[in-house]
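What follows is upload.cif (mmCIF, C-alpha atoms).
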```cif
data_final
#
loop_
_atom_site.label_atom_id
_atom_site.label_comp_id
_atom_site.auth_asym_id
_atom_site.auth_seq_id
_atom_site.Cartn_x
_atom_site.Cartn_y
_atom_site.Cartn_z
CA MET A 1 115.20 -18.87 84.49
CA PRO A 2 113.53 -17.43 81.34
CA ALA A 3 109.77 -17.68 80.89
CA GLY A 4 108.48 -20.17 78.34
CA PRO A 5 110.25 -23.19 76.86
CA LEU A 6 113.98 -23.49 77.35
CA PRO A 7 116.13 -23.07 74.21
CA LEU A 8 116.58 -26.73 73.24
CA ASP A 9 113.00 -27.65 74.13
CA ALA A 10 111.64 -24.83 71.95
CA PHE A 11 113.90 -25.84 69.08
CA MET A 12 112.78 -29.46 69.18
CA SER A 13 109.12 -28.46 69.29
CA SER A 14 109.52 -26.62 65.98
CA THR A 15 111.92 -28.99 64.17
CA PRO A 16 110.48 -31.35 61.53
CA ALA A 17 111.01 -34.95 62.58
CA GLY A 18 111.62 -36.28 59.07
CA CYS A 19 115.10 -34.93 58.37
CA LEU A 20 118.53 -34.37 59.85
CA ALA A 21 119.00 -30.79 61.02
CA ALA A 22 122.24 -29.24 62.19
CA GLY A 23 123.49 -25.85 63.33
CA ALA A 24 126.71 -24.52 64.77
CA ALA A 25 128.09 -21.31 66.24
CA ALA A 26 131.15 -19.87 67.95
CA VAL A 27 131.34 -17.19 70.63
CA GLU A 28 134.41 -15.67 72.22
CA ILE A 29 134.92 -16.49 75.90
CA THR A 30 138.14 -14.58 76.55
CA PRO A 31 137.89 -12.89 79.98
CA PRO A 32 136.85 -9.24 79.45
CA ARG A 33 139.35 -8.17 82.13
CA PRO A 34 142.13 -10.75 81.92
CA ALA A 35 144.96 -9.02 83.77
CA GLY A 36 145.64 -10.63 87.13
CA ILE A 37 143.23 -13.56 86.92
CA TRP A 38 144.72 -16.96 87.75
CA LEU A 39 145.64 -19.16 84.82
CA ALA A 40 144.89 -22.88 84.92
CA GLY A 41 147.35 -25.74 84.65
CA PHE A 42 150.92 -26.22 85.81
CA GLY A 43 151.39 -24.52 89.20
CA ALA A 44 149.35 -22.26 91.44
CA GLU A 45 149.35 -18.45 91.44
CA ARG A 46 150.19 -18.01 87.75
CA ALA A 47 148.66 -14.58 87.13
CA CYS A 48 147.54 -13.60 83.62
CA SER A 49 149.47 -10.75 81.97
CA GLY A 50 147.45 -10.37 78.77
CA VAL A 51 145.99 -12.11 75.72
CA HIS A 52 148.05 -13.89 73.06
CA ASP A 53 145.00 -15.12 71.11
CA PRO A 54 141.30 -15.36 72.01
CA LEU A 55 139.40 -18.23 73.60
CA PHE A 56 136.22 -19.58 72.06
CA ALA A 57 133.30 -21.85 72.79
CA ARG A 58 131.96 -23.64 69.74
CA ALA A 59 128.60 -25.41 69.72
CA LEU A 60 127.18 -28.07 67.43
CA VAL A 61 123.53 -29.11 67.54
CA VAL A 62 122.19 -32.05 65.54
CA ALA A 63 118.66 -33.42 65.58
CA ALA A 64 116.92 -36.31 63.83
CA ALA A 65 113.65 -38.17 64.43
CA GLY A 66 112.91 -36.22 67.60
CA THR A 67 116.33 -36.82 69.19
CA PRO A 68 118.84 -33.98 69.65
CA LEU A 69 122.56 -33.97 70.35
CA VAL A 70 124.36 -30.82 71.53
CA ILE A 71 128.14 -30.62 71.93
CA VAL A 72 129.89 -27.51 73.21
CA ALA A 73 133.70 -27.45 72.93
CA ALA A 74 135.31 -24.76 75.07
CA ASP A 75 138.95 -23.61 75.22
CA LEU A 76 139.12 -24.24 78.97
CA ILE A 77 140.93 -26.50 81.44
CA GLY A 78 137.69 -28.16 82.57
CA LEU A 79 134.37 -27.60 84.32
CA SER A 80 132.83 -29.31 87.34
CA LEU A 81 129.76 -31.53 87.22
CA ALA A 82 127.82 -28.94 89.23
CA ARG A 83 128.64 -26.27 86.66
CA THR A 84 127.72 -28.34 83.61
CA ARG A 85 124.49 -29.51 85.26
CA ARG A 86 123.51 -25.89 85.80
CA LEU A 87 124.20 -25.14 82.13
CA GLN A 88 122.11 -28.13 81.05
CA GLN A 89 119.24 -26.89 83.23
CA ARG A 90 119.41 -23.48 81.53
CA LEU A 91 119.12 -25.11 78.11
CA THR A 92 116.58 -27.92 78.50
CA SER A 93 114.13 -29.65 80.81
CA ARG A 94 113.37 -32.52 78.41
CA TYR A 95 116.73 -33.61 76.96
CA PRO A 96 119.43 -33.50 79.68
CA ASP A 97 121.30 -36.50 78.24
CA ALA A 98 121.63 -34.71 74.89
CA ILE A 99 123.80 -31.80 76.09
CA HIS A 100 127.54 -32.15 76.60
CA ILE A 101 129.98 -29.45 77.65
CA VAL A 102 133.47 -30.61 76.66
CA CYS A 103 136.68 -28.74 77.46
CA THR A 104 139.87 -28.94 75.44
CA HIS A 105 141.87 -29.01 78.72
CA ASN A 106 143.62 -25.80 77.73
CA HIS A 107 146.50 -24.85 80.07
CA GLN A 108 146.59 -21.22 78.93
CA GLY A 109 143.10 -20.15 80.00
CA PRO A 110 141.47 -18.97 83.23
CA ASP A 111 141.15 -21.20 86.27
CA THR A 112 137.62 -22.58 85.91
CA LEU A 113 138.06 -25.35 88.49
CA GLY A 114 139.44 -23.32 91.41
CA ILE A 115 142.68 -25.15 92.18
CA TRP A 116 145.27 -22.78 90.68
CA GLY A 117 144.67 -19.73 92.88
CA PRO A 118 146.27 -18.84 96.24
CA ALA A 119 148.27 -21.72 97.72
CA PHE A 120 150.47 -22.42 100.73
CA LEU A 121 154.10 -22.42 99.58
CA GLY A 122 152.75 -22.22 96.05
CA ARG A 123 151.58 -25.86 96.24
CA LEU A 124 148.57 -26.48 98.51
CA PRO A 125 145.48 -24.51 97.42
CA TYR A 126 143.60 -22.82 100.23
CA ARG A 127 141.24 -20.50 98.34
CA ASN A 128 139.21 -20.88 95.15
CA GLY A 129 141.07 -19.49 92.14
CA GLN A 130 138.02 -18.81 90.00
CA ASP A 131 137.06 -15.25 89.13
CA PRO A 132 133.32 -15.13 90.03
CA ALA A 133 132.55 -12.38 87.50
CA TYR A 134 134.22 -14.37 84.75
CA MET A 135 132.39 -17.59 85.69
CA ASP A 136 129.03 -15.75 85.43
CA PHE A 137 130.13 -14.28 82.09
CA LEU A 138 131.24 -17.71 80.90
CA GLU A 139 127.95 -19.42 81.71
CA ALA A 140 126.02 -16.73 79.85
CA ARG A 141 128.31 -17.04 76.83
CA LEU A 142 128.01 -20.83 76.72
CA VAL A 143 124.22 -20.60 76.78
CA ALA A 144 124.34 -17.92 74.06
CA CYS A 145 126.59 -20.15 71.94
CA VAL A 146 124.06 -22.99 72.01
CA GLU A 147 121.21 -20.57 71.29
CA ARG A 148 123.04 -19.28 68.20
CA ALA A 149 123.70 -22.81 67.01
CA LEU A 150 120.03 -23.68 67.42
CA ALA A 151 118.99 -20.56 65.51
CA SER A 152 121.29 -21.48 62.61
CA ALA A 153 120.04 -25.07 62.24
CA ARG A 154 118.97 -26.23 58.81
CA PRO A 155 118.64 -29.49 56.85
CA ALA A 156 122.00 -31.20 56.79
CA ARG A 157 124.05 -34.10 55.47
CA LEU A 158 126.39 -36.15 57.64
CA HIS A 159 129.90 -37.34 56.76
CA VAL A 160 132.37 -39.26 58.93
CA ALA A 161 135.97 -40.43 58.54
CA SER A 162 139.10 -41.31 60.47
CA GLY A 163 142.78 -41.82 59.78
CA THR A 164 146.18 -42.03 61.43
CA PHE A 165 147.87 -38.75 62.36
CA ASP A 166 151.52 -38.36 63.39
CA ALA A 167 152.35 -42.05 63.53
CA ALA A 168 156.07 -41.23 63.90
CA GLY A 169 155.51 -38.95 66.89
CA ARG A 170 156.91 -35.78 65.36
CA TRP A 171 154.25 -33.60 66.97
CA VAL A 172 152.79 -35.59 69.88
CA HIS A 173 154.28 -38.13 72.27
CA ASN A 174 153.51 -39.98 75.48
CA GLU A 175 156.02 -38.86 78.11
CA ARG A 176 155.47 -41.95 80.28
CA ALA A 177 155.04 -44.89 77.89
CA ALA A 178 154.95 -45.92 74.24
CA VAL A 179 151.18 -46.31 73.93
CA ALA A 180 149.16 -43.47 72.39
CA ASP A 181 145.95 -43.11 70.41
CA ARG A 182 147.14 -41.90 66.99
CA GLU A 183 143.72 -41.88 65.34
CA LEU A 184 142.30 -38.58 64.07
CA ARG A 185 138.51 -38.82 63.92
CA LEU A 186 136.08 -36.53 62.11
CA ILE A 187 132.37 -35.77 62.02
CA GLN A 188 131.43 -33.25 59.33
CA LEU A 189 128.07 -31.73 58.45
CA ASP A 190 127.12 -29.59 55.48
CA ASP A 191 123.82 -28.23 54.18
CA GLN A 192 121.92 -29.14 51.03
CA ALA A 193 123.95 -26.59 49.04
CA GLY A 194 127.21 -28.17 50.13
CA GLU A 195 128.16 -25.34 52.49
CA SER A 196 129.91 -26.48 55.66
CA ILE A 197 127.96 -26.28 58.90
CA ALA A 198 130.42 -27.88 61.29
CA SER A 199 133.56 -30.00 61.41
CA LEU A 200 134.22 -31.86 64.67
CA VAL A 201 137.81 -33.08 65.04
CA GLN A 202 138.95 -35.48 67.77
CA TYR A 203 142.58 -36.20 68.63
CA ALA A 204 144.56 -36.59 71.87
CA CYS A 205 147.18 -34.17 73.17
CA HIS A 206 147.54 -31.84 76.16
CA PRO A 207 147.13 -28.20 75.04
CA GLU A 208 150.19 -26.96 76.91
CA THR A 209 152.71 -26.19 74.17
CA LEU A 210 153.42 -22.65 75.43
CA TRP A 211 154.30 -24.19 78.83
CA LYS A 212 154.28 -22.72 82.33
CA ALA A 213 156.44 -19.62 81.72
CA ASN A 214 153.72 -18.25 79.48
CA ARG A 215 151.26 -15.95 81.25
CA GLN A 216 149.20 -14.87 78.26
CA ILE A 217 145.81 -16.34 77.43
CA SER A 218 145.82 -18.63 74.40
CA ALA A 219 143.69 -21.41 72.93
CA ASP A 220 146.94 -23.27 72.12
CA PHE A 221 147.12 -25.60 69.11
CA CYS A 222 143.39 -26.41 69.38
CA GLY A 223 142.55 -22.83 68.43
CA VAL A 224 145.04 -22.87 65.54
CA CYS A 225 143.49 -26.08 64.20
CA CYS A 226 139.92 -24.78 64.39
CA GLU A 227 140.76 -21.41 62.89
CA MET A 228 142.49 -23.05 59.93
CA ILE A 229 139.53 -25.34 59.19
CA GLU A 230 137.05 -22.48 59.47
CA LYS A 231 139.06 -20.27 57.09
CA ARG A 232 139.52 -23.02 54.49
CA LEU A 233 136.16 -24.78 54.71
CA GLY A 234 133.75 -22.35 56.34
CA GLY A 235 131.31 -23.24 59.08
CA THR A 236 132.35 -23.90 62.67
CA ALA A 237 135.18 -26.22 63.72
CA LEU A 238 135.20 -27.97 67.09
CA TYR A 239 138.24 -29.66 68.63
CA ILE A 240 137.62 -32.49 71.11
CA ASN A 241 140.43 -34.10 73.12
CA GLY A 242 140.64 -37.86 73.52
CA ALA A 243 142.90 -40.07 75.66
CA LEU A 244 145.46 -37.42 76.59
CA GLY A 245 146.13 -38.42 80.20
CA ALA A 246 149.31 -39.84 81.76
CA MET A 247 150.93 -38.07 79.85
CA VAL A 248 150.27 -37.27 76.19
CA SER A 249 151.69 -33.92 75.23
CA ALA A 250 153.52 -31.99 72.52
CA ALA A 251 156.77 -33.64 71.45
CA ILE A 252 158.93 -30.75 72.58
CA GLY A 253 161.39 -30.50 75.46
CA HIS A 254 160.35 -28.79 78.70
CA ASP A 255 163.32 -26.43 78.48
CA THR A 256 162.49 -25.20 74.95
CA LEU A 257 162.51 -21.42 74.57
CA SER A 258 159.22 -19.53 74.31
CA ARG A 259 159.65 -18.45 70.69
CA SER A 260 160.29 -22.03 69.57
CA ARG A 261 157.28 -23.18 71.56
CA GLU A 262 155.06 -20.68 69.77
CA THR A 263 156.34 -21.89 66.41
CA PHE A 264 155.66 -25.49 67.45
CA MET A 265 152.13 -24.60 68.58
CA TYR A 266 151.27 -23.16 65.18
CA GLY A 267 152.92 -26.09 63.41
CA LEU A 268 150.97 -28.71 65.37
CA GLY A 269 147.67 -26.87 64.97
CA ARG A 270 148.13 -26.46 61.22
CA ALA A 271 149.25 -30.05 60.75
CA LEU A 272 146.10 -31.25 62.53
CA GLY A 273 143.98 -28.86 60.48
CA GLN A 274 145.47 -30.06 57.20
CA ALA A 275 144.95 -33.70 58.17
CA ALA A 276 141.33 -32.95 59.12
CA LEU A 277 140.71 -31.20 55.79
CA ARG A 278 142.00 -34.25 53.94
CA LEU A 279 139.55 -36.38 55.91
CA VAL A 280 136.73 -34.01 54.99
CA GLY A 281 137.52 -34.49 51.31
CA ARG A 282 137.41 -38.24 51.75
CA ALA A 283 134.28 -38.24 53.91
CA ARG A 284 132.25 -36.14 51.47
CA LEU A 285 132.63 -38.81 48.81
CA ALA A 286 130.22 -41.03 50.78
CA PRO A 287 127.51 -39.17 52.75
CA VAL A 288 125.82 -41.14 55.52
CA LEU A 289 122.47 -42.40 54.26
CA ASP A 290 120.92 -43.18 57.65
CA PRO A 291 121.95 -40.42 60.09
CA ALA A 292 120.03 -41.70 63.11
CA ILE A 293 120.83 -40.32 66.56
CA SER A 294 120.69 -42.03 69.94
CA VAL A 295 121.86 -40.58 73.25
CA GLY A 296 122.26 -41.99 76.72
CA GLY A 297 123.91 -41.05 79.96
CA GLY A 298 124.17 -42.24 83.50
CA GLU A 299 125.86 -41.79 86.85
CA VAL A 300 129.15 -43.42 87.66
CA ARG A 301 130.08 -43.87 91.32
CA ILE A 302 133.72 -44.07 92.39
CA PRO A 303 134.84 -44.77 95.99
CA ALA A 304 135.62 -41.41 97.60
CA SER A 305 138.34 -43.04 99.69
CA GLY A 306 140.48 -43.28 96.55
CA ASN A 307 141.58 -39.66 96.95
CA ARG A 308 141.01 -37.78 100.22
CA PHE A 309 142.67 -34.72 98.66
CA TYR A 310 139.51 -34.12 96.61
CA GLN A 311 137.38 -34.07 99.75
CA VAL A 312 139.72 -31.63 101.47
CA LEU A 313 139.58 -29.23 98.53
CA ALA A 314 135.79 -29.44 98.48
CA ALA A 315 135.55 -28.86 102.25
CA LEU A 316 137.80 -25.78 101.97
CA GLY A 317 135.63 -24.39 99.16
CA VAL A 318 138.57 -24.52 96.75
CA VAL A 319 136.52 -26.49 94.22
CA ASP A 320 132.82 -26.66 93.45
CA LYS A 321 130.85 -28.85 95.86
CA ARG A 322 130.11 -32.41 94.84
CA GLU A 323 128.64 -35.59 96.32
CA PHE A 324 131.10 -37.79 98.23
CA ALA A 325 128.95 -39.97 100.51
CA PRO A 326 129.74 -42.79 100.24
CA ASP A 327 130.98 -42.46 96.64
CA MET A 328 132.11 -39.64 94.44
CA VAL A 329 129.44 -39.16 91.78
CA SER A 330 130.15 -38.23 88.19
CA ARG A 331 128.66 -38.95 84.78
CA VAL A 332 129.41 -40.88 81.59
CA SER A 333 127.53 -40.78 78.29
CA PHE A 334 127.42 -42.62 75.00
CA CYS A 335 125.78 -41.49 71.77
CA ARG A 336 125.43 -42.66 68.19
CA LEU A 337 125.38 -40.31 65.21
CA GLY A 338 124.84 -42.37 62.11
CA PRO A 339 127.59 -45.01 62.03
CA ALA A 340 129.82 -43.00 64.39
CA SER A 341 129.79 -43.15 68.17
CA ILE A 342 131.01 -40.75 70.84
CA THR A 343 131.91 -41.84 74.36
CA PHE A 344 131.98 -38.97 76.87
CA LEU A 345 134.30 -39.40 79.88
CA PRO A 346 134.59 -37.09 82.93
CA GLY A 347 138.36 -36.60 83.02
CA GLU A 348 141.71 -37.31 81.40
CA ALA A 349 141.81 -40.93 80.30
CA SER A 350 145.21 -42.53 79.91
CA PRO A 351 145.81 -43.95 76.43
CA ALA A 352 145.60 -47.52 77.77
CA LEU A 353 142.19 -46.89 79.32
CA GLY A 354 140.90 -44.84 76.41
CA LEU A 355 141.82 -47.48 73.84
CA GLU A 356 140.33 -50.21 76.04
CA ILE A 357 137.01 -48.38 76.21
CA LEU A 358 136.96 -47.70 72.47
CA ALA A 359 137.59 -51.39 71.80
CA ARG A 360 134.45 -52.25 73.79
CA VAL A 361 131.91 -49.92 72.11
CA PRO A 362 130.29 -50.03 68.68
CA GLY A 363 130.63 -47.39 65.99
CA LYS A 364 132.82 -46.39 63.06
CA PRO A 365 134.58 -44.15 63.71
CA ARG A 366 134.55 -44.34 67.50
CA LEU A 367 135.23 -40.94 69.04
CA LEU A 368 136.36 -40.40 72.61
CA ALA A 369 135.51 -37.08 74.28
CA CYS A 370 137.47 -36.57 77.49
CA LEU A 371 136.93 -33.65 79.89
CA ALA A 372 133.20 -34.03 79.18
CA ASP A 373 130.64 -32.67 81.66
CA ASP A 374 133.06 -32.99 84.59
CA GLU A 375 136.77 -33.11 85.49
CA LEU A 376 137.83 -35.88 87.85
CA GLY A 377 141.52 -35.64 86.97
CA TYR A 378 143.59 -38.50 85.59
CA LEU A 379 141.67 -41.68 84.74
CA LEU A 380 144.30 -44.39 85.18
CA THR A 381 144.36 -48.15 84.88
CA PRO A 382 144.90 -50.05 88.18
CA GLU A 383 148.42 -51.12 87.24
CA MET A 384 149.51 -47.48 87.06
CA PHE A 385 148.98 -47.18 90.81
CA HIS A 386 151.90 -49.58 91.30
CA ASP A 387 154.30 -47.77 88.96
CA ARG A 388 156.41 -44.97 90.44
CA ILE A 389 156.56 -43.15 87.12
CA TYR A 390 152.89 -42.18 87.63
CA ALA A 391 153.37 -40.69 91.10
CA TYR A 392 152.12 -37.25 90.04
CA GLU A 393 149.12 -38.61 88.15
CA ARG A 394 148.12 -40.84 91.09
CA GLY A 395 147.87 -37.79 93.32
CA MET A 396 145.43 -36.20 90.87
CA SER A 397 143.35 -39.31 90.19
CA PRO A 398 140.07 -40.50 91.76
CA GLY A 399 141.66 -43.83 92.63
CA PRO A 400 142.44 -47.37 91.43
CA GLN A 401 138.80 -48.49 91.07
CA THR A 402 137.99 -45.70 88.63
CA ALA A 403 138.88 -47.56 85.42
CA VAL A 404 136.67 -50.59 86.09
CA ARG A 405 133.75 -48.40 87.18
CA LEU A 406 134.05 -46.33 83.99
CA VAL A 407 134.37 -49.34 81.69
CA LEU A 408 131.30 -51.02 83.18
CA ALA A 409 129.25 -47.81 83.06
CA VAL A 410 130.14 -47.11 79.42
CA GLU A 411 129.53 -50.69 78.35
CA LYS A 412 126.11 -50.67 79.98
CA LEU A 413 125.17 -47.58 77.96
CA ALA A 414 126.75 -48.70 74.70
CA ILE A 415 125.54 -52.30 74.74
CA PRO A 416 122.13 -52.49 76.44
CA ASN A 417 121.47 -55.57 78.55
CA SER A 418 125.17 -56.49 78.44
CA GLN A 419 126.25 -59.02 81.04
CA VAL A 420 129.77 -58.13 82.19
CA SER A 421 131.50 -60.33 84.73
CA LYS A 422 134.79 -59.75 86.55
CA ASN A 423 136.31 -62.55 84.49
CA SER A 424 135.55 -60.71 81.26
CA LEU A 425 137.63 -57.70 82.26
CA PRO A 426 140.98 -57.67 80.43
CA SER A 427 144.33 -57.67 82.19
CA VAL A 428 144.81 -53.94 81.64
CA LEU A 429 142.00 -53.42 84.14
#
```
As a first step, turn the structure in this file into structure tokens.
Amino acid sequence: MPAGPLPLDAFMSSTPAGCLAAGAAAVEITPPRPAGIWLAGFGAERACSGVHDPLFARALVVAAAGTPLVIVAADLIGLSLARTRRLQQRLTSRYPDAIHIVCTHNHQGPDTLGIWGPAFLGRLPYRNGQDPAYMDFLEARLVACVERALASARPARLHVASGTFDAAGRWVHNERAAVADRELRLIQLDDQAGESIASLVQYACHPETLWKANRQISADFCGVCCEMIEKRLGGTALYINGALGAMVSAAIGHDTLSRSRETFMYGLGRALGQAALRLVGRARLAPVLDPAISVGGGEVRIPASGNRFYQVLAALGVVDKREFAPDMVSRVSFCRLGPASITFLPGEASPALGLEILARVPGKPRLLACLADDELGYLLTPEMFHDRIYAYERGMSPGPQTAVRLVLAVEKLAIPNSQVSKNSLPSVL
């Protein structure tokens, strides 16, 4: 631990309280020695053969009236609660609720959770698949990314907007059902000279367009989208995934050839980037006049009996240790940034659950950040546990009580002193 104030604490001590300040930065997090490391997503023992395009972490820091908000978006499959807590402790002692490490859920990056390494019959993990040297490198790079964002902070103006993207399902579809969150949401900050500081884009789709035959590292369409915005607008672009679970993915057949998949990846990323740029143009016509910030977070407890598989993996050391007695402990958060709100969830919310949560919180636009500060797997509604089509997702879900626990925890943060009874829960829960 460095001597003196931690990075965010030092920044807040020297930041004037009377204005909105914002900074952003990007650092590359591609493994320095990628060959042979295990790739995340799909099946076990998928060894990396090289790099198609680099991975990045992108950080945004915003502060107003003594309250900070830090969001790091990383081109990774996910990170455990233990890992993100350690990162928060390296960055602040005073503002733990302000820092959020959000992963895009990238399926073409290194195994940062541990479950895609050596496995019996290629299916049951028995040894952690993380590369320890890379995980140390990654933590250092994520801290450095936030430090660079803090160092670049300056007086800023806030703009927000949202709009429908891909209503016809040309690029993105739900493989299991018709419901999907088609809203593209944007938070954009520029400085007093009109130069872009950061553009945060939120949509919902699994970053898996290159599919399981690919063994090269890639940031998938999320990287294409961010790169396009940065080249056209300047500043730093962050992509945040929303309700992508069960099972929102690229609208392309599983048997599509690799070259066509690559073309599709670039097409989806550019289409998202173009849509985001149009929103920026609209948002800048009406800057937010009162860019106040509020942040809040809290524990959510989910019965550990909902998925014994998690406990087995933890006991074997395949995944990072976590609390299971008597409940599995994770975290949810809710923040306001001017008129907008961001709800942070610790996993892959199904569209039905994600839309239900967004309907219950204030804000305009209302952003949903999944894979935030933890990865619990699929966050399903109770009815999905009685539908055979979700057999795979059920096996990678914390259990049928998860949805209600999450909804109540978020509502408590978003609407202080709310009185929620069982009778007020809608039928989807």
Select all residues near (138.1, -36.2, 79.2) (cut-off 6 Å, inclusive, file coordinates), counting all atoms listed in the file, and output them as number ranges by chain.
A: 345-348, 369-372
Where does the PyMOL selection byres ((chain A and resi 402) around 12) land in this file, that is, which residues does it pick, as a ChimeraX atom specification?
/A:300-307,327-330,345-350,353,376-385,394,397-401,403-409,429
Enumerate, as a PDB file with C-alpha atoms, in the coordinates of the input, the residues matched when the PyMOL selection byres ((chain A and resi 127-142) around 6) is run on the file above.
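File produced: result-v7.pdb:
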```
ATOM      1  CA  ASP A 111     141.150 -21.200  86.270  1.00  0.00           C
ATOM      2  CA  THR A 112     137.620 -22.580  85.910  1.00  0.00           C
ATOM      3  CA  GLY A 114     139.440 -23.320  91.410  1.00  0.00           C
ATOM      4  CA  ILE A 115     142.680 -25.150  92.180  1.00  0.00           C
ATOM      5  CA  TRP A 116     145.270 -22.780  90.680  1.00  0.00           C
ATOM      6  CA  GLY A 117     144.670 -19.730  92.880  1.00  0.00           C
ATOM      7  CA  PRO A 118     146.270 -18.840  96.240  1.00  0.00           C
ATOM      8  CA  PRO A 125     145.480 -24.510  97.420  1.00  0.00           C
ATOM      9  CA  TYR A 126     143.600 -22.820 100.230  1.00  0.00           C
ATOM     10  CA  VAL A 143     124.220 -20.600  76.780  1.00  0.00           C
ATOM     11  CA  ALA A 144     124.340 -17.920  74.060  1.00  0.00           C
ATOM     12  CA  CYS A 145     126.590 -20.150  71.940  1.00  0.00           C
ATOM     13  CA  VAL A 318     138.570 -24.520  96.750  1.00  0.00           C
TER      14      VAL A 318
END
```
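The two atoms in question, CA of Ala250 in chain A and CA of Cys205 in chain A, are spaced 6.7 Å apart.
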Considering all atoms listed in the file, return as a PyMOL selection string whatever protein or nucleic-acid residues lie within 12 Å of Ala74 in chain A, sequence-local ones (same chain, fewer than 4 positions apart) excluded.
chain A and resi 25-30+54-60+78-79+84+100-106+109-110+112+138-139+141-143+145-146+219+222-223+226+237-241+371-373
Would you mind exporting C-alpha atoms of the selected residues as a short mmCIF file (atom, residue, chain, number, x, y, z; two decimals), in the coordinates of the input?
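Saved file out.cif follows:
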```
data_model
loop_
_atom_site.label_atom_id
_atom_site.label_comp_id
_atom_site.auth_asym_id
_atom_site.auth_seq_id
_atom_site.Cartn_x
_atom_site.Cartn_y
_atom_site.Cartn_z
CA ALA A 25 128.09 -21.31 66.24
CA ALA A 26 131.15 -19.87 67.95
CA VAL A 27 131.34 -17.19 70.63
CA GLU A 28 134.41 -15.67 72.22
CA ILE A 29 134.92 -16.49 75.90
CA THR A 30 138.14 -14.58 76.55
CA PRO A 54 141.30 -15.36 72.01
CA LEU A 55 139.40 -18.23 73.60
CA PHE A 56 136.22 -19.58 72.06
CA ALA A 57 133.30 -21.85 72.79
CA ARG A 58 131.96 -23.64 69.74
CA ALA A 59 128.60 -25.41 69.72
CA LEU A 60 127.18 -28.07 67.43
CA GLY A 78 137.69 -28.16 82.57
CA LEU A 79 134.37 -27.60 84.32
CA THR A 84 127.72 -28.34 83.61
CA HIS A 100 127.54 -32.15 76.60
CA ILE A 101 129.98 -29.45 77.65
CA VAL A 102 133.47 -30.61 76.66
CA CYS A 103 136.68 -28.74 77.46
CA THR A 104 139.87 -28.94 75.44
CA HIS A 105 141.87 -29.01 78.72
CA ASN A 106 143.62 -25.80 77.73
CA GLY A 109 143.10 -20.15 80.00
CA PRO A 110 141.47 -18.97 83.23
CA THR A 112 137.62 -22.58 85.91
CA LEU A 138 131.24 -17.71 80.90
CA GLU A 139 127.95 -19.42 81.71
CA ARG A 141 128.31 -17.04 76.83
CA LEU A 142 128.01 -20.83 76.72
CA VAL A 143 124.22 -20.60 76.78
CA CYS A 145 126.59 -20.15 71.94
CA VAL A 146 124.06 -22.99 72.01
CA ALA A 219 143.69 -21.41 72.93
CA CYS A 222 143.39 -26.41 69.38
CA GLY A 223 142.55 -22.83 68.43
CA CYS A 226 139.92 -24.78 64.39
CA ALA A 237 135.18 -26.22 63.72
CA LEU A 238 135.20 -27.97 67.09
CA TYR A 239 138.24 -29.66 68.63
CA ILE A 240 137.62 -32.49 71.11
CA ASN A 241 140.43 -34.10 73.12
CA LEU A 371 136.93 -33.65 79.89
CA ALA A 372 133.20 -34.03 79.18
CA ASP A 373 130.64 -32.67 81.66
#
```
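Comparing A:Leu76, A:Leu233, A:Ala414, A:Ile187 by their smallest distance to Asp220 in chain A, the closest is A:Leu76 (using only C-alpha atoms).
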Picked residues, the PyMOL selection byres ((chain A and resi 290-298) around 10), as a ChimeraX atom specification:
/A:19-20,62-69,95-99,156-159,287-289,299-301,330-344,409-410,412-414
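The gap separating CA of Leu113 in chain A from CA of Ser249 in chain A is 20.9 Å, in Å to one decimal.
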With distances taken over all atoms listed in the file, which of A:Ile357, A:Leu189, A:Ala275, A:Ile77 is nearest to Ala40 in chain A?
A:Ile77
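Residue nearest Arg261 in chain A, chosen from A:Gly43, A:Pro416, A:Pro7, A:Pro207 and counting all atoms listed in the file: A:Pro207.
The residue that comes closest to Val319 in chain A, out of A:Leu268, A:Thr92, A:Ser260, A:Arg83 and on the basis of all atoms listed in the file, is A:Arg83.
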Which is closest to Val224 in chain A among A:Gly267, A:Ala246, A:Leu257, A:Asp190, if we use all atoms listed in the file?
A:Gly267
Show me, as AutoDock Vina command-line options, the centre and edge lengths in Å to one decimal of the axis-aligned box that covers every listed atom of range 399-416 of chain A with 8 Å on each side.
```
--center_x 132.3 --center_y -48.2 --center_z 83.7 --size_x 36.3 --size_y 24.7 --size_z 33.9
```
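Each of A:Ile37, A:Leu6, A:Met396, A:Cys48 was checked against Leu87 in chain A using only C-alpha atoms; the smallest atom-to-atom distance is that of A:Leu6.
Our summary of the geometry notes that CA of Val61 in chain A is positioned 5.3 Å from CA of Gly23 in chain A.
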Within 10 Å of Lys321 in chain A, counting all atoms listed in the file, which residues show up once you throw out same-chain ones fewer than 2 positions away? Write them as an mmCIF file with C-alpha atoms, in the coordinates of the input, please.
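Writing done, so here's result_8.cif:
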```cif
data_model
loop_
_atom_site.group_PDB
_atom_site.id
_atom_site.type_symbol
_atom_site.label_atom_id
_atom_site.label_comp_id
_atom_site.auth_asym_id
_atom_site.auth_seq_id
_atom_site.Cartn_x
_atom_site.Cartn_y
_atom_site.Cartn_z
ATOM 1 C CA SER A 80 132.830 -29.310 87.340
ATOM 2 C CA LEU A 81 129.760 -31.530 87.220
ATOM 3 C CA ALA A 82 127.820 -28.940 89.230
ATOM 4 C CA ARG A 83 128.640 -26.270 86.660
ATOM 5 C CA GLN A 311 137.380 -34.070 99.750
ATOM 6 C CA LEU A 313 139.580 -29.230 98.530
ATOM 7 C CA ALA A 314 135.790 -29.440 98.480
ATOM 8 C CA ALA A 315 135.550 -28.860 102.250
ATOM 9 C CA LEU A 316 137.800 -25.780 101.970
ATOM 10 C CA GLY A 317 135.630 -24.390 99.160
ATOM 11 C CA VAL A 318 138.570 -24.520 96.750
ATOM 12 C CA VAL A 319 136.520 -26.490 94.220
ATOM 13 C CA GLU A 323 128.640 -35.590 96.320
ATOM 14 C CA PHE A 324 131.100 -37.790 98.230
#
```
